[in-house]
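What follows is the content of upload_12.cif (mmCIF, C-alpha atoms).
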data_work
#
loop_
_atom_site.label_atom_id
_atom_site.label_comp_id
_atom_site.auth_asym_id
_atom_site.auth_seq_id
_atom_site.Cartn_x
_atom_site.Cartn_y
_atom_site.Cartn_z
CA MET A 1 -3.97 -12.80 1.63
CA THR A 2 -7.46 -11.88 2.78
CA ILE A 3 -7.42 -8.30 1.48
CA ASP A 4 -10.57 -7.56 -0.44
CA THR A 5 -9.03 -6.67 -3.79
CA GLN A 6 -12.42 -6.62 -5.44
CA ARG A 7 -13.64 -4.04 -2.93
CA LEU A 8 -10.69 -1.78 -3.76
CA LEU A 9 -11.41 -2.18 -7.47
CA ASP A 10 -15.08 -1.37 -6.83
CA LEU A 11 -14.16 1.72 -4.80
CA THR A 12 -11.84 2.89 -7.58
CA ALA A 13 -14.62 2.54 -10.13
CA ALA A 14 -17.21 4.21 -7.87
CA ALA A 15 -14.92 7.15 -7.12
CA GLN A 16 -15.28 8.43 -10.67
CA ASN A 17 -18.89 9.41 -9.99
CA CYS A 18 -18.56 10.71 -6.43
CA CYS A 19 -18.88 14.27 -5.26
CA ASP A 20 -15.87 15.49 -3.27
CA GLU A 21 -17.40 14.70 0.14
CA ASP A 22 -18.29 11.16 -0.90
CA LEU A 23 -14.92 10.78 -2.59
CA LEU A 24 -13.22 11.54 0.72
CA GLN A 25 -15.20 8.73 2.38
CA VAL A 26 -14.31 6.34 -0.45
CA LEU A 27 -10.65 7.34 -0.13
CA ARG A 28 -10.71 6.71 3.62
CA GLU A 29 -12.18 3.23 3.18
CA ALA A 30 -9.73 2.42 0.40
CA ASN A 31 -6.81 3.64 2.51
CA GLY A 32 -7.87 1.33 5.33
CA LEU A 33 -7.97 -1.61 2.92
CA TYR A 34 -4.58 -0.61 1.52
CA GLN A 35 -3.02 -0.48 5.00
CA GLN A 36 -4.63 -3.79 5.95
CA GLY A 37 -3.27 -5.46 2.84
CA LEU A 38 0.22 -4.10 3.41
CA GLN A 39 0.22 -5.32 7.02
CA GLU A 40 -0.95 -8.79 5.98
CA LEU A 41 1.76 -8.99 3.36
CA LEU A 42 4.36 -7.73 5.85
CA ARG A 43 3.46 -10.57 8.21
CA SER A 44 3.90 -13.02 5.33
CA VAL A 45 7.28 -11.54 4.36
CA VAL A 46 8.47 -11.63 7.98
CA ALA A 47 7.42 -15.28 8.26
CA ARG A 48 9.34 -16.11 5.07
CA LEU A 49 12.48 -14.06 5.55
CA ASP A 50 12.93 -13.32 9.25
CA GLY A 51 16.23 -14.70 10.40
CA LEU A 52 18.09 -14.02 7.18
CA PRO A 53 21.33 -12.15 7.79
CA GLY A 54 21.24 -8.39 7.22
CA PRO A 55 23.40 -8.49 4.09
CA ASP A 56 21.04 -11.01 2.50
CA LEU A 57 18.01 -8.84 3.33
CA MET A 58 19.84 -5.82 1.94
CA ALA A 59 20.61 -7.68 -1.28
CA ALA A 60 16.99 -8.80 -1.60
CA ALA A 61 15.72 -5.23 -1.06
CA ILE A 62 18.15 -3.83 -3.62
CA SER A 63 17.22 -6.49 -6.18
CA ALA A 64 13.55 -5.62 -5.55
CA GLY A 65 14.38 -2.06 -6.60
CA MET A 66 14.21 -0.46 -3.17
CA CYS A 67 16.67 2.18 -2.03
CA CYS A 68 18.33 1.18 1.19
CA ASP A 69 21.55 1.63 3.09
CA THR A 70 23.62 -0.04 5.77
CA SER A 71 22.03 2.03 8.55
CA GLN A 72 18.71 0.22 8.12
CA ASP A 73 18.00 -2.70 10.40
CA GLY A 74 16.32 -5.98 9.54
CA ASP A 75 12.83 -4.74 10.38
CA GLU A 76 13.18 -1.80 8.01
CA LEU A 77 14.50 -4.04 5.26
CA LEU A 78 11.62 -6.48 5.73
CA LEU A 79 9.18 -3.58 5.45
CA LEU A 80 10.86 -2.40 2.24
CA LEU A 81 10.61 -5.91 0.81
CA ALA A 82 6.93 -6.13 1.75
CA LEU A 83 6.25 -2.71 0.25
CA ALA A 84 7.99 -3.67 -3.00
CA GLU A 85 5.88 -6.81 -3.24
CA TRP A 86 2.66 -5.06 -2.17
CA GLU A 87 2.98 -2.24 -4.69
CA MET A 88 2.79 -4.83 -7.50
CA THR A 89 -0.58 -6.23 -6.39
CA PRO A 90 -3.84 -5.30 -8.12
CA ALA A 91 -5.17 -3.98 -4.81
CA ALA A 92 -2.28 -1.56 -4.32
CA MET A 93 -2.43 -0.46 -7.95
CA ALA A 94 -6.16 0.22 -7.65
CA TYR A 95 -5.59 2.29 -4.52
CA SER A 96 -2.82 4.27 -6.19
CA GLU A 97 -5.12 5.03 -9.12
CA LEU A 98 -7.90 6.10 -6.75
CA ALA A 99 -5.61 8.31 -4.66
CA GLU A 100 -4.13 9.93 -7.76
CA ALA A 101 -7.56 10.65 -9.23
CA ALA A 102 -8.75 12.07 -5.92
CA ALA A 103 -5.66 14.29 -5.62
CA TYR A 104 -6.27 15.55 -9.15
CA ARG A 105 -9.71 16.66 -7.91
CA GLY A 106 -8.18 18.27 -4.83
CA VAL A 107 -9.30 15.53 -2.39
CA SER A 108 -6.68 14.09 -0.05
CA LEU A 109 -6.43 12.40 3.32
CA VAL A 110 -3.71 14.87 4.26
CA SER A 111 -5.35 17.93 5.69
CA GLU A 112 -4.04 21.31 4.74
CA GLY A 113 -3.02 23.06 7.90
#

Kindly transcribe the structure held in the file into structure tokens.
Amino acid sequence: MTIDTQRLLDLTAAAQNCCDEDLLQVLREANGLYQQGLQELLRSVVARLDGLPGPDLMAAAISAGMCCDTSQDGDELLLLLALAEWEMTPAAMAYSELAEAAAYRGVSLVSEG
């Protein structure tokens, strides 16, 4: 995986000393890295598991701790498997910590409308 985990860790550390405007920029960059990492991992999961029968994908998703049901197709199940794997990476954990700390300070990528 080519995701820059160290950059996400650096952004998480730097966020502690940012004013809200700078924190929003840090959060945006970190979100981009998070999304990039998830997409890279999804491609890897698809390469490994594409072609498995639906019931096998469902069983794998359930054993990974993901909630799923019979209405979900193979693509959705592959995404759930990638997300389960991604959320356990240091990069994803760093982003989650950063996003939680930002939200605690009232900074979010979701605009209030």

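Counting all atoms listed in the file and comparing A:Leu57, A:Leu78, A:Leu109, A:Val46, the residue that lies closest to Leu27 (chain A) is A:Leu109.
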
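You will find CA of Thr12 (chain A) at 25.3 Å from CA of Leu80 (chain A).
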
Mind checking which residues fall within 9 Å of Leu77 (chain A), counting all atoms listed in the file, ignoring those fewer than 5 positions away in the same chain, and posting them as a PyMOL selection string?
chain A and resi 54+57-58+60-61+68+72+82

For the file shown, what are the residues hit by the PyMOL selection byres ((chain A and resi 45) around 12), laid out as number ranges by chain?
A: 1, 38-44, 46-52, 57, 60-61, 74-86

Residues from the last selection, C-alpha atoms, saved as a compact mmCIF listing (two decimals), in the frame of the given file:
# COMPACT_ATOMS: atom_id res chain seq x y z
CA MET A 1 -3.97 -12.80 1.63
CA LEU A 38 0.22 -4.10 3.41
CA GLN A 39 0.22 -5.32 7.02
CA GLU A 40 -0.95 -8.79 5.98
CA LEU A 41 1.76 -8.99 3.36
CA LEU A 42 4.36 -7.73 5.85
CA ARG A 43 3.46 -10.57 8.21
CA SER A 44 3.90 -13.02 5.33
CA VAL A 46 8.47 -11.63 7.98
CA ALA A 47 7.42 -15.28 8.26
CA ARG A 48 9.34 -16.11 5.07
CA LEU A 49 12.48 -14.06 5.55
CA ASP A 50 12.93 -13.32 9.25
CA GLY A 51 16.23 -14.70 10.40
CA LEU A 52 18.09 -14.02 7.18
CA LEU A 57 18.01 -8.84 3.33
CA ALA A 60 16.99 -8.80 -1.60
CA ALA A 61 15.72 -5.23 -1.06
CA GLY A 74 16.32 -5.98 9.54
CA ASP A 75 12.83 -4.74 10.38
CA GLU A 76 13.18 -1.80 8.01
CA LEU A 77 14.50 -4.04 5.26
CA LEU A 78 11.62 -6.48 5.73
CA LEU A 79 9.18 -3.58 5.45
CA LEU A 80 10.86 -2.40 2.24
CA LEU A 81 10.61 -5.91 0.81
CA ALA A 82 6.93 -6.13 1.75
CA LEU A 83 6.25 -2.71 0.25
CA ALA A 84 7.99 -3.67 -3.00
CA GLU A 85 5.88 -6.81 -3.24
CA TRP A 86 2.66 -5.06 -2.17

Got a sec to resolve the PyMOL selection byres ((chain A and resi 92) around 12) on this structure and send the residues as a PyMOL selection string?
chain A and resi 3-9+12+30-38+41+82-91+93-99

Rounded to one decimal place, report the CA of Ala101 (chain A)-CA of Ala64 (chain A) distance in Å.
26.9 Å

Smallest atom-to-atom distance to Ala13 (chain A): which of A:Ala102, A:Met66, A:Ser71, A:Ala59, using all atoms listed in the file?
A:Ala102

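When CA of Val26 (chain A) is paired with CA of Leu11 (chain A), their separation reads 6.3 Å.
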
Residue nearest Ser108 (chain A) - candidates A:Asp10, A:Asp56, A:Glu21, A:Asp73, atoms counted: all atoms listed in the file
A:Glu21
